[in-house]
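Asks: Quick one: structure below, then a few questions.
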Amino acid sequence: MHPNVSNTRHMRKTVFGFLLLLLFLSVGRQEVHAQYNKNYFYWLGRTCMMNNDYQEAIRTLNTLLRFDEDAYEGYFLRGIAKYNLDDLLGADADFTIAIEKNPVFTTAYTYRAITRSRLGNYDDALRDFAEAIELRPDLPSPYYSRGVTRLLNQQFREAIEDFDMFIRQENKVADAYINRGVCYLYLKDTTRAYENFNTAIRTNRENPDSYNRRGSLYMQQRRYREAETDFDQAIACDSTYLLSYFNRALVYSETQRPMQALHDFDRVIQLDSTNALTYFNRAILRTQIGDYNRALDDYNQVAFYSPNNVLVYYNRALLQTDLGNLHEAEQDYTRAIELYPDFANAYLNRSNLRALLRDEKGSRSDRETAQRKIAEYRSRLSDSTYSIFADTTQRFDRLLSFDSQFSGSAFERAGKAQGAGGEELKLLPLFKFTLMRPDTLTEKEEEAYHVQRVEDFRQRIGNRLLQLTYGDSDIPADSLILLDKQYADRLRTTPSTETWTVLFERGITQSLIKQYTNAVNTYSAAIEQNPGNPFLYLNRSTTQAEMIDFISSIDNSYQRISIDSDPAQRLQNSGKRTYSYDEAIADLNKAIKLFPDFAYNYYNRATLLALSGKLPEAYEDYTRAIELNPTFAEAYYNRGLIQIFMKDTRKGCLDLSKAGELGIEQAYTVLKRYAIQPRP
């Protein structure tokens, strides 16, 4: 993930805030000899913008531009209005027209650069800044904005040079010191970071961001007294700044003051009543002080806002046990196991619970299952990636930081982390052979996905439910469990040298009921009997990826030690785990070697490469998939997102348009966000 100087609110406030007055004055001076009506429309448009009525400003400027297509200042002002409405591509287009009509329009270069920086198009942004600085090297604002872009682009030393240039001319802007301090943090120079945060505070003692920055750094260094003082001051500056209360609550918790921490969490929930992370933290604190009933209320809220997070049910089960609600606790452990059947800790706890309920058979079964899964993890894995499940002493009742990945699959998290505008973009999932009712796929889908070798394979398996798709199975869970038992019975009665087809079918059912470790082992047994079949590797790869995805969604929350919602503050993640898709990709490499003309192998490998952060390689594989199947709608969609992630928004939109044309409806939702708005 690229670092960010500040959130969107900060970017608007910092960059456009102190430049806007200069803009209006400079444009006003250029209109001394303009006609009266033209002056009127400029005045009305500027007035609307100063009143934050950007849509009305656009309508007014549209009227002006219909009468005077060469009024470059009108395009410029309209670009600013669009920027403030988050229509970044539309703003870029208007600034470009203004520059075309006036090639020495310095401010237009600066604002287009700022817009391109927010789009993540750093190379073009830096070229625009260079042009603006060459035209007017005496202006301080382009240096500040270029420093922001260089920080976003992780050019920390160059960013410091730009902030230095800006501060020489404008030494009363606190945000310049804040951002320069962030640069020094990335360079691990905490002394200079403190100096800059201190200077920012002296420059503007009413800016809560300065105190939050310094307080966050104090908290990372466990200097809790100083951190608390800074968060107090940040709250005094802005009593509605949610992050200050959240961070101060963490300080109170670390210094054994749970009641004060609860009070601050209460305030966060008043400001944001849907914040599941705060309910989760408050539930943990309430449990620690024995306020079990209200803690239960909080966990219920978390389950409502984040119903697929296994930790919610696991922790609530512990609480239900303390309350004596043993049957409810058993139900919660069961739900946690349904969400992730390889969760050894949940089996162990349910085993103990069932012993209390005098269910000796169930207790023994759970204990044996847990011990088997722990042994499987320890025997299969040489590193610590999955130790969260092998370690039966692992606890899940620690407070989470504000930027924790509380839920969501890797496909969702990848998009949310990389999207240029911070919105949730989701890569379409992996293709695999799964079990679905024959009438689930439409005739168009079946025709689009027709590959003769796939059809031959399906006939060899002889299962009418077998489909190749990225969609979820529509077979009910109880039916899947019954099918899994039937396959297990067939394996006991089939000669061992002829069981690979049954092993393949059972691997599918085990994967669908989330018994990932068993599924991987079952696919491996099938591969031993038929090592030349590419589809066995395809499904084993998908199962390995799904297992990693689920584990990381649980573990990631507890490995992050960042304490600020601003990505620029995520500096010291030395304890964060990394998750490797190498084994899953290796299986796809084998599948491609065995079947080099199968588009879905390249699609799947591209998706795993994208989740591994290897975007250029992912782009190449999606392209290869499209070459093999020119109507591969899902590949167009994901390649479009990848190009947006790589900041090539226009080409990404072209791919999304093609995906929509081929039937991916959600492509149009993304296009509404990213496509260039037509000019009136």
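The way I read the labels, and the way they are meant: chains A, B, ... in the order of the structure tokens, residue 1 as the first residue of every chain, and ligand 1 as the first ligand shown, with later ones counted on from there.
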Show which residues sit within 12 Å of region 526-532 of chain A, as JSON, numbers by chain. Count only C-alpha atoms, and ignore same-chain residues fewer than 3 positions away.
Replies: {"A": [491, 495, 496, 497, 498, 499, 500, 501, 502, 503, 504, 505, 506, 507, 508, 519, 520, 521, 522, 523, 535, 536, 537, 538, 539, 540, 587, 590, 591, 592, 593, 594, 595]}
Asks: Filtering to N, CA and C atoms, could you give me those residues as an mmCIF file, in the first residue's frame?
Replies:
```cif
data_model
loop_
_atom_site.group_PDB
_atom_site.id
_atom_site.type_symbol
_atom_site.label_atom_id
_atom_site.label_comp_id
_atom_site.auth_asym_id
_atom_site.auth_seq_id
_atom_site.Cartn_x
_atom_site.Cartn_y
_atom_site.Cartn_z
ATOM 1 N N LEU A 491 -15.021 -44.311 -0.975
ATOM 2 C CA LEU A 491 -13.570 -44.512 -0.943
ATOM 3 C C LEU A 491 -13.199 -45.801 -0.225
ATOM 4 N N PRO A 495 -11.372 -49.753 -5.178
ATOM 5 C CA PRO A 495 -9.934 -50.106 -5.195
ATOM 6 C C PRO A 495 -9.065 -48.855 -5.145
ATOM 7 N N SER A 496 -8.001 -48.903 -4.374
ATOM 8 C CA SER A 496 -7.193 -47.708 -4.097
ATOM 9 C C SER A 496 -6.595 -47.107 -5.350
ATOM 10 N N THR A 497 -6.387 -47.914 -6.387
ATOM 11 C CA THR A 497 -5.769 -47.384 -7.614
ATOM 12 C C THR A 497 -6.771 -46.708 -8.530
ATOM 13 N N GLU A 498 -8.046 -46.720 -8.176
ATOM 14 C CA GLU A 498 -9.082 -46.176 -9.044
ATOM 15 C C GLU A 498 -9.917 -45.110 -8.340
ATOM 16 N N THR A 499 -9.355 -44.505 -7.322
ATOM 17 C CA THR A 499 -10.179 -43.616 -6.495
ATOM 18 C C THR A 499 -9.955 -42.137 -6.761
ATOM 19 N N TRP A 500 -9.116 -41.778 -7.726
ATOM 20 C CA TRP A 500 -8.790 -40.356 -7.844
ATOM 21 C C TRP A 500 -10.016 -39.497 -8.154
ATOM 22 N N THR A 501 -10.988 -40.041 -8.910
ATOM 23 C CA THR A 501 -12.184 -39.245 -9.215
ATOM 24 C C THR A 501 -13.007 -39.011 -7.962
ATOM 25 N N VAL A 502 -13.128 -40.033 -7.117
ATOM 26 C CA VAL A 502 -13.882 -39.873 -5.866
ATOM 27 C C VAL A 502 -13.130 -38.940 -4.919
ATOM 28 N N LEU A 503 -11.808 -39.072 -4.887
ATOM 29 C CA LEU A 503 -11.015 -38.157 -4.065
ATOM 30 C C LEU A 503 -11.220 -36.711 -4.512
ATOM 31 N N PHE A 504 -11.286 -36.495 -5.813
ATOM 32 C CA PHE A 504 -11.516 -35.143 -6.327
ATOM 33 C C PHE A 504 -12.869 -34.609 -5.858
ATOM 34 N N GLU A 505 -13.903 -35.445 -5.961
ATOM 35 C CA GLU A 505 -15.232 -35.011 -5.521
ATOM 36 C C GLU A 505 -15.249 -34.726 -4.024
ATOM 37 N N ARG A 506 -14.572 -35.569 -3.254
ATOM 38 C CA ARG A 506 -14.572 -35.329 -1.811
ATOM 39 C C ARG A 506 -13.755 -34.088 -1.455
ATOM 40 N N GLY A 507 -12.675 -33.838 -2.207
ATOM 41 C CA GLY A 507 -11.933 -32.600 -1.976
ATOM 42 C C GLY A 507 -12.820 -31.384 -2.152
ATOM 43 N N ILE A 508 -13.728 -31.440 -3.125
ATOM 44 C CA ILE A 508 -14.653 -30.321 -3.343
ATOM 45 C C ILE A 508 -15.581 -30.153 -2.150
ATOM 46 N N ALA A 519 -9.192 -30.968 2.789
ATOM 47 C CA ALA A 519 -9.397 -30.878 1.343
ATOM 48 C C ALA A 519 -8.061 -30.893 0.604
ATOM 49 N N VAL A 520 -7.090 -30.136 1.110
ATOM 50 C CA VAL A 520 -5.771 -30.114 0.473
ATOM 51 C C VAL A 520 -5.160 -31.508 0.479
ATOM 52 N N ASN A 521 -5.264 -32.200 1.598
ATOM 53 C CA ASN A 521 -4.715 -33.559 1.682
ATOM 54 C C ASN A 521 -5.430 -34.506 0.720
ATOM 55 N N THR A 522 -6.742 -34.321 0.577
ATOM 56 C CA THR A 522 -7.512 -35.195 -0.313
ATOM 57 C C THR A 522 -7.123 -34.950 -1.768
ATOM 58 N N TYR A 523 -7.000 -33.671 -2.152
ATOM 59 C CA TYR A 523 -6.547 -33.367 -3.512
ATOM 60 C C TYR A 523 -5.141 -33.937 -3.756
ATOM 61 N N PHE A 535 -6.575 -30.175 -13.779
ATOM 62 C CA PHE A 535 -7.703 -29.670 -13.004
ATOM 63 C C PHE A 535 -7.581 -30.009 -11.520
ATOM 64 N N LEU A 536 -6.851 -31.065 -11.205
ATOM 65 C CA LEU A 536 -6.608 -31.393 -9.796
ATOM 66 C C LEU A 536 -5.744 -30.315 -9.144
ATOM 67 N N TYR A 537 -4.734 -29.851 -9.872
ATOM 68 C CA TYR A 537 -3.883 -28.777 -9.354
ATOM 69 C C TYR A 537 -4.671 -27.469 -9.234
ATOM 70 N N LEU A 538 -5.557 -27.228 -10.197
ATOM 71 C CA LEU A 538 -6.379 -26.015 -10.150
ATOM 72 C C LEU A 538 -7.187 -25.946 -8.868
ATOM 73 N N ASN A 539 -7.864 -27.037 -8.535
ATOM 74 C CA ASN A 539 -8.703 -27.016 -7.337
ATOM 75 C C ASN A 539 -7.888 -27.010 -6.055
ATOM 76 N N ARG A 540 -6.749 -27.724 -6.038
ATOM 77 C CA ARG A 540 -5.929 -27.680 -4.828
ATOM 78 C C ARG A 540 -5.396 -26.272 -4.610
ATOM 79 N N ASP A 587 1.027 -24.571 -7.722
ATOM 80 C CA ASP A 587 0.073 -25.511 -8.316
ATOM 81 C C ASP A 587 -0.439 -25.005 -9.658
ATOM 82 N N LYS A 590 2.074 -25.540 -12.349
ATOM 83 C CA LYS A 590 2.027 -26.929 -12.813
ATOM 84 C C LYS A 590 0.840 -27.136 -13.748
ATOM 85 N N ALA A 591 -0.307 -26.573 -13.389
ATOM 86 C CA ALA A 591 -1.496 -26.706 -14.228
ATOM 87 C C ALA A 591 -1.271 -26.074 -15.601
ATOM 88 N N ILE A 592 -0.604 -24.922 -15.629
ATOM 89 C CA ILE A 592 -0.324 -24.243 -16.900
ATOM 90 C C ILE A 592 0.634 -25.070 -17.750
ATOM 91 N N LYS A 593 1.593 -25.688 -17.113
ATOM 92 C CA LYS A 593 2.527 -26.539 -17.853
ATOM 93 C C LYS A 593 1.791 -27.714 -18.492
ATOM 94 N N LEU A 594 0.795 -28.262 -17.778
ATOM 95 C CA LEU A 594 0.041 -29.402 -18.285
ATOM 96 C C LEU A 594 -1.027 -28.999 -19.295
ATOM 97 N N PHE A 595 -1.530 -27.764 -19.171
ATOM 98 C CA PHE A 595 -2.608 -27.310 -20.061
ATOM 99 C C PHE A 595 -2.375 -25.830 -20.360
#
```
Asks: Any idea what's packed within 8 Å of Gly147 (chain A), counting only C-alpha atoms, ignoring anything in its chain fewer than 6 positions away? Could you give it as a compact mmCIF listing (two decimals) with N, CA and C atoms, in the first residue's frame?
Replies:
```txt
# COMPACT_ATOMS: atom_id res chain seq x y z
N GLU A 158 13.21 13.47 -1.18
CA GLU A 158 12.81 14.52 -2.12
C GLU A 158 11.63 15.32 -1.57
N ALA A 159 10.71 14.63 -0.88
CA ALA A 159 9.58 15.33 -0.28
C ALA A 159 10.05 16.32 0.77
N ILE A 160 11.02 15.92 1.57
CA ILE A 160 11.57 16.82 2.59
C ILE A 160 12.16 18.07 1.94
N GLU A 161 12.86 17.89 0.82
CA GLU A 161 13.42 19.05 0.12
C GLU A 161 12.32 20.02 -0.31
N ASP A 162 11.20 19.47 -0.80
CA ASP A 162 10.10 20.34 -1.21
C ASP A 162 9.47 21.06 -0.03
N PHE A 163 9.27 20.34 1.06
CA PHE A 163 8.71 21.00 2.24
C PHE A 163 9.67 22.06 2.77
```
Asks: For region 632-647 of chain A, work out the shell of residues within 8 Å, counting only C-alpha atoms and skipping chain neighbours fewer than 4 positions away, then give it as a PDB file with N, CA and C atoms, in the first residue's frame.
Replies:
```
ATOM      1  N   LEU A 119      -5.492  10.752  -7.671  1.00  0.00           N
ATOM      2  CA  LEU A 119      -5.801   9.570  -8.481  1.00  0.00           C
ATOM      3  C   LEU A 119      -4.690   8.530  -8.415  1.00  0.00           C
ATOM      4  N   GLY A 120      -3.558   8.905  -7.825  1.00  0.00           N
ATOM      5  CA  GLY A 120      -2.423   8.000  -7.760  1.00  0.00           C
ATOM      6  C   GLY A 120      -1.550   8.028  -8.992  1.00  0.00           C
ATOM      7  N   ASN A 121      -1.814   8.955  -9.897  1.00  0.00           N
ATOM      8  CA  ASN A 121      -1.028   9.082 -11.123  1.00  0.00           C
ATOM      9  C   ASN A 121       0.168  10.003 -10.835  1.00  0.00           C
ATOM     10  N   GLY A 415      -8.913  -4.715  -2.825  1.00  0.00           N
ATOM     11  CA  GLY A 415      -9.511  -3.560  -3.483  1.00  0.00           C
ATOM     12  C   GLY A 415      -9.594  -2.360  -2.583  1.00  0.00           C
ATOM     13  N   GLN A 418      -6.169  -0.747  -2.181  1.00  0.00           N
ATOM     14  CA  GLN A 418      -5.452  -0.211  -3.325  1.00  0.00           C
ATOM     15  C   GLN A 418      -6.255   0.787  -4.130  1.00  0.00           C
ATOM     16  N   GLY A 419      -7.566   0.817  -3.949  1.00  0.00           N
ATOM     17  CA  GLY A 419      -8.379   1.682  -4.788  1.00  0.00           C
ATOM     18  C   GLY A 419      -7.946   3.132  -4.715  1.00  0.00           C
ATOM     19  N   ALA A 420      -7.930   3.801  -5.838  1.00  0.00           N
ATOM     20  CA  ALA A 420      -7.396   5.154  -5.885  1.00  0.00           C
ATOM     21  C   ALA A 420      -8.184   6.103  -5.026  1.00  0.00           C
ATOM     22  N   LEU A 425     -13.409  -1.784  -3.736  1.00  0.00           N
ATOM     23  CA  LEU A 425     -13.412  -2.478  -5.010  1.00  0.00           C
ATOM     24  C   LEU A 425     -13.085  -3.932  -4.720  1.00  0.00           C
ATOM     25  N   LEU A 427     -12.072  -7.647  -6.283  1.00  0.00           N
ATOM     26  CA  LEU A 427     -11.701  -8.539  -7.370  1.00  0.00           C
ATOM     27  C   LEU A 427     -12.676  -9.705  -7.402  1.00  0.00           C
ATOM     28  N   LEU A 428     -13.050 -10.131  -8.593  1.00  0.00           N
ATOM     29  CA  LEU A 428     -13.870 -11.330  -8.700  1.00  0.00           C
ATOM     30  C   LEU A 428     -13.031 -12.533  -8.289  1.00  0.00           C
ATOM     31  N   ALA A 448     -20.304 -19.437 -22.818  1.00  0.00           N
ATOM     32  CA  ALA A 448     -19.092 -18.622 -22.705  1.00  0.00           C
ATOM     33  C   ALA A 448     -17.934 -19.418 -22.113  1.00  0.00           C
ATOM     34  N   TYR A 603      -6.038 -16.750 -15.340  1.00  0.00           N
ATOM     35  CA  TYR A 603      -6.903 -15.858 -14.552  1.00  0.00           C
ATOM     36  C   TYR A 603      -6.660 -16.058 -13.059  1.00  0.00           C
ATOM     37  N   THR A 607      -4.966 -13.438 -10.278  1.00  0.00           N
ATOM     38  CA  THR A 607      -5.633 -12.980  -9.062  1.00  0.00           C
ATOM     39  C   THR A 607      -4.750 -13.187  -7.839  1.00  0.00           C
ATOM     40  N   ALA A 610      -2.037 -10.677  -7.856  1.00  0.00           N
ATOM     41  CA  ALA A 610      -2.551  -9.376  -7.424  1.00  0.00           C
ATOM     42  C   ALA A 610      -2.642  -9.312  -5.909  1.00  0.00           C
ATOM     43  N   LEU A 615       1.371  -6.559  -9.123  1.00  0.00           N
ATOM     44  CA  LEU A 615       0.341  -6.102 -10.055  1.00  0.00           C
ATOM     45  C   LEU A 615       0.769  -6.187 -11.517  1.00  0.00           C
ATOM     46  N   ALA A 618       0.368  -9.689 -12.548  1.00  0.00           N
ATOM     47  CA  ALA A 618      -1.053 -10.028 -12.620  1.00  0.00           C
ATOM     48  C   ALA A 618      -1.663  -9.510 -13.913  1.00  0.00           C
ATOM     49  N   TYR A 619      -1.307  -8.292 -14.283  1.00  0.00           N
ATOM     50  CA  TYR A 619      -1.810  -7.713 -15.529  1.00  0.00           C
ATOM     51  C   TYR A 619      -1.439  -8.595 -16.720  1.00  0.00           C
ATOM     52  N   TYR A 622      -3.699 -11.738 -16.714  1.00  0.00           N
ATOM     53  CA  TYR A 622      -5.067 -11.440 -17.163  1.00  0.00           C
ATOM     54  C   TYR A 622      -5.094 -11.228 -18.681  1.00  0.00           C
ATOM     55  N   THR A 623      -4.072 -10.567 -19.187  1.00  0.00           N
ATOM     56  CA  THR A 623      -3.994 -10.336 -20.632  1.00  0.00           C
ATOM     57  C   THR A 623      -3.893 -11.653 -21.383  1.00  0.00           C
ATOM     58  N   ALA A 625      -5.020 -14.536 -20.366  1.00  0.00           N
ATOM     59  CA  ALA A 625      -6.330 -15.185 -20.259  1.00  0.00           C
ATOM     60  C   ALA A 625      -7.293 -14.632 -21.309  1.00  0.00           C
ATOM     61  N   ILE A 626      -7.248 -13.318 -21.521  1.00  0.00           N
ATOM     62  CA  ILE A 626      -8.126 -12.690 -22.508  1.00  0.00           C
ATOM     63  C   ILE A 626      -7.728 -13.075 -23.926  1.00  0.00           C
ATOM     64  N   LYS A 651      -7.394   3.306 -19.010  1.00  0.00           N
ATOM     65  CA  LYS A 651      -7.368   1.966 -19.582  1.00  0.00           C
ATOM     66  C   LYS A 651      -8.177   0.998 -18.717  1.00  0.00           C
ATOM     67  N   GLY A 652      -8.113   1.212 -17.411  1.00  0.00           N
ATOM     68  CA  GLY A 652      -8.924   0.383 -16.522  1.00  0.00           C
ATOM     69  C   GLY A 652     -10.400   0.526 -16.827  1.00  0.00           C
ATOM     70  N   CYS A 653     -10.841   1.753 -17.087  1.00  0.00           N
ATOM     71  CA  CYS A 653     -12.251   1.979 -17.395  1.00  0.00           C
ATOM     72  C   CYS A 653     -12.643   1.332 -18.722  1.00  0.00           C
ATOM     73  N   LEU A 654     -11.737   1.305 -19.680  1.00  0.00           N
ATOM     74  CA  LEU A 654     -12.024   0.628 -20.946  1.00  0.00           C
ATOM     75  C   LEU A 654     -12.261  -0.865 -20.716  1.00  0.00           C
ATOM     76  N   ASP A 655     -11.435  -1.473 -19.867  1.00  0.00           N
ATOM     77  CA  ASP A 655     -11.641  -2.891 -19.552  1.00  0.00           C
ATOM     78  C   ASP A 655     -12.946  -3.108 -18.806  1.00  0.00           C
ATOM     79  N   LEU A 656     -13.253  -2.215 -17.881  1.00  0.00           N
ATOM     80  CA  LEU A 656     -14.508  -2.345 -17.144  1.00  0.00           C
ATOM     81  C   LEU A 656     -15.705  -2.191 -18.073  1.00  0.00           C
ATOM     82  N   LYS A 658     -15.774  -3.057 -21.200  1.00  0.00           N
ATOM     83  CA  LYS A 658     -15.879  -4.325 -21.918  1.00  0.00           C
ATOM     84  C   LYS A 658     -16.493  -5.399 -21.023  1.00  0.00           C
ATOM     85  N   ALA A 659     -16.103  -5.416 -19.750  1.00  0.00           N
ATOM     86  CA  ALA A 659     -16.674  -6.392 -18.817  1.00  0.00           C
ATOM     87  C   ALA A 659     -18.177  -6.189 -18.683  1.00  0.00           C
ATOM     88  N   GLY A 660     -18.601  -4.922 -18.585  1.00  0.00           N
ATOM     89  CA  GLY A 660     -20.027  -4.647 -18.511  1.00  0.00           C
ATOM     90  C   GLY A 660     -20.749  -5.087 -19.771  1.00  0.00           C
ATOM     91  N   LEU A 662     -19.985  -7.505 -21.583  1.00  0.00           N
ATOM     92  CA  LEU A 662     -20.028  -8.965 -21.586  1.00  0.00           C
ATOM     93  C   LEU A 662     -20.857  -9.539 -20.442  1.00  0.00           C
ATOM     94  N   GLY A 663     -21.475  -8.658 -19.629  1.00  0.00           N
ATOM     95  CA  GLY A 663     -22.427  -9.146 -18.644  1.00  0.00           C
ATOM     96  C   GLY A 663     -22.067  -8.976 -17.190  1.00  0.00           C
ATOM     97  N   ILE A 664     -20.937  -8.340 -16.852  1.00  0.00           N
ATOM     98  CA  ILE A 664     -20.579  -8.109 -15.444  1.00  0.00           C
ATOM     99  C   ILE A 664     -21.238  -6.804 -14.998  1.00  0.00           C
ATOM    100  N   ALA A 667     -19.602  -3.828 -13.038  1.00  0.00           N
ATOM    101  CA  ALA A 667     -18.629  -2.980 -13.727  1.00  0.00           C
ATOM    102  C   ALA A 667     -19.162  -1.564 -13.873  1.00  0.00           C
TER     103      ALA A 667
END
```
Asks: Compare A:Asp484, A:Glu368, A:Asp456, A:Asp230 by their minimum atom-to-atom distance to Arg350 (chain A), counting only C-alpha atoms, and give me the closest one.
Replies: A:Glu368
Asks: Select, from A:Thr229, A:Thr115, A:Asn293, A:Thr255, the residue with the minimum atom-to-atom distance to Gly90 (chain A), counting only C-alpha atoms.
Replies: A:Thr115
Asks: Can you tell me, as a ChimeraX atom specification, what residues are no more than 7 Å from region 465-475 of chain A when counting only C-alpha atoms, ignoring any on the same chain fewer than 3 positions away?
Replies: /A:429-438,458,479-480
Asks: May I have the selected residues written with N, CA and C atoms, as a compact mmCIF listing (two decimals), in the first residue's frame?
Replies:
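Heads up, here's the output in again.txt:
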```txt
# COMPACT_ATOMS: atom_id res chain seq x y z
N PRO A 429 -13.64 -13.53 -7.65
CA PRO A 429 -12.87 -14.63 -7.06
C PRO A 429 -12.29 -15.58 -8.10
N LEU A 430 -11.68 -16.65 -7.56
CA LEU A 430 -11.01 -17.65 -8.38
C LEU A 430 -12.02 -18.61 -9.02
N PHE A 431 -11.67 -19.10 -10.20
CA PHE A 431 -12.45 -20.16 -10.83
C PHE A 431 -12.03 -21.50 -10.24
N LYS A 432 -12.98 -22.39 -10.11
CA LYS A 432 -12.71 -23.73 -9.59
C LYS A 432 -13.86 -24.65 -10.00
N PHE A 433 -13.62 -25.94 -9.90
CA PHE A 433 -14.69 -26.91 -10.06
C PHE A 433 -15.41 -27.02 -8.73
N THR A 434 -16.71 -26.85 -8.77
CA THR A 434 -17.50 -26.92 -7.55
C THR A 434 -18.81 -27.63 -7.86
N LEU A 435 -19.64 -27.78 -6.85
CA LEU A 435 -20.92 -28.47 -7.01
C LEU A 435 -22.05 -27.46 -7.00
N MET A 436 -22.84 -27.45 -8.06
CA MET A 436 -23.97 -26.53 -8.18
C MET A 436 -25.10 -27.27 -8.89
N ARG A 437 -26.32 -26.80 -8.64
CA ARG A 437 -27.46 -27.38 -9.36
C ARG A 437 -27.31 -27.11 -10.85
N PRO A 438 -27.70 -28.05 -11.70
CA PRO A 438 -27.47 -27.90 -13.15
C PRO A 438 -28.13 -26.67 -13.75
N ARG A 458 -15.49 -33.43 -17.03
CA ARG A 458 -16.76 -33.54 -16.31
C ARG A 458 -17.41 -34.88 -16.59
N SER A 479 -26.75 -30.84 2.89
CA SER A 479 -26.60 -31.73 1.74
C SER A 479 -25.12 -31.96 1.42
N LEU A 480 -24.30 -30.92 1.58
CA LEU A 480 -22.87 -31.07 1.34
C LEU A 480 -22.25 -32.04 2.34
```
Asks: Write down as JSON, numbers by chain the residues of region 445-521 of chain A whose backbone DSSP state falls under helix (DSSP H, G or I).
Replies: {"A": [445, 446, 447, 448, 452, 453, 454, 455, 456, 457, 458, 459, 460, 461, 477, 478, 479, 480, 481, 482, 483, 484, 485, 486, 487, 488, 489, 490, 491, 492, 493, 496, 497, 498, 500, 501, 502, 503, 504, 505, 506, 507, 508, 509, 510, 511, 512, 516, 517, 518, 519, 520, 521]}
Asks: Can you pull out every residue within 12 Å of Arg78 (chain A), counting only C-alpha atoms, but drop anything in the same chain fewer than 5 positions away, and send it as an MDAnalysis selection string?
Replies: chainID A and resid 41:42 45:46 48:49 53:65 71:73 83:85 87:88 90:98 108 111 679:680
Asks: Show me, as a ChimeraX atom specification, the residues that have an atom within 10 Å of Asp164 (chain A) when counting only C-alpha atoms, minus same-chain residues fewer than 5 positions from it.
Replies: /A:143-144,147,158-159,169-171,176-177,180
Asks: What does the distance from CA of Leu611 (chain A) to CA of Arg116 (chain A) come to in Å, to one decimal?
Replies: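 Between CA of Leu611 (chain A) and CA of Arg116 (chain A) the gap works out to 24.7 Å.
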Asks: Between CA of Arg118 (chain A) and CA of Asn52 (chain A), what is the spacing in Å?
Replies: 20.0 Å
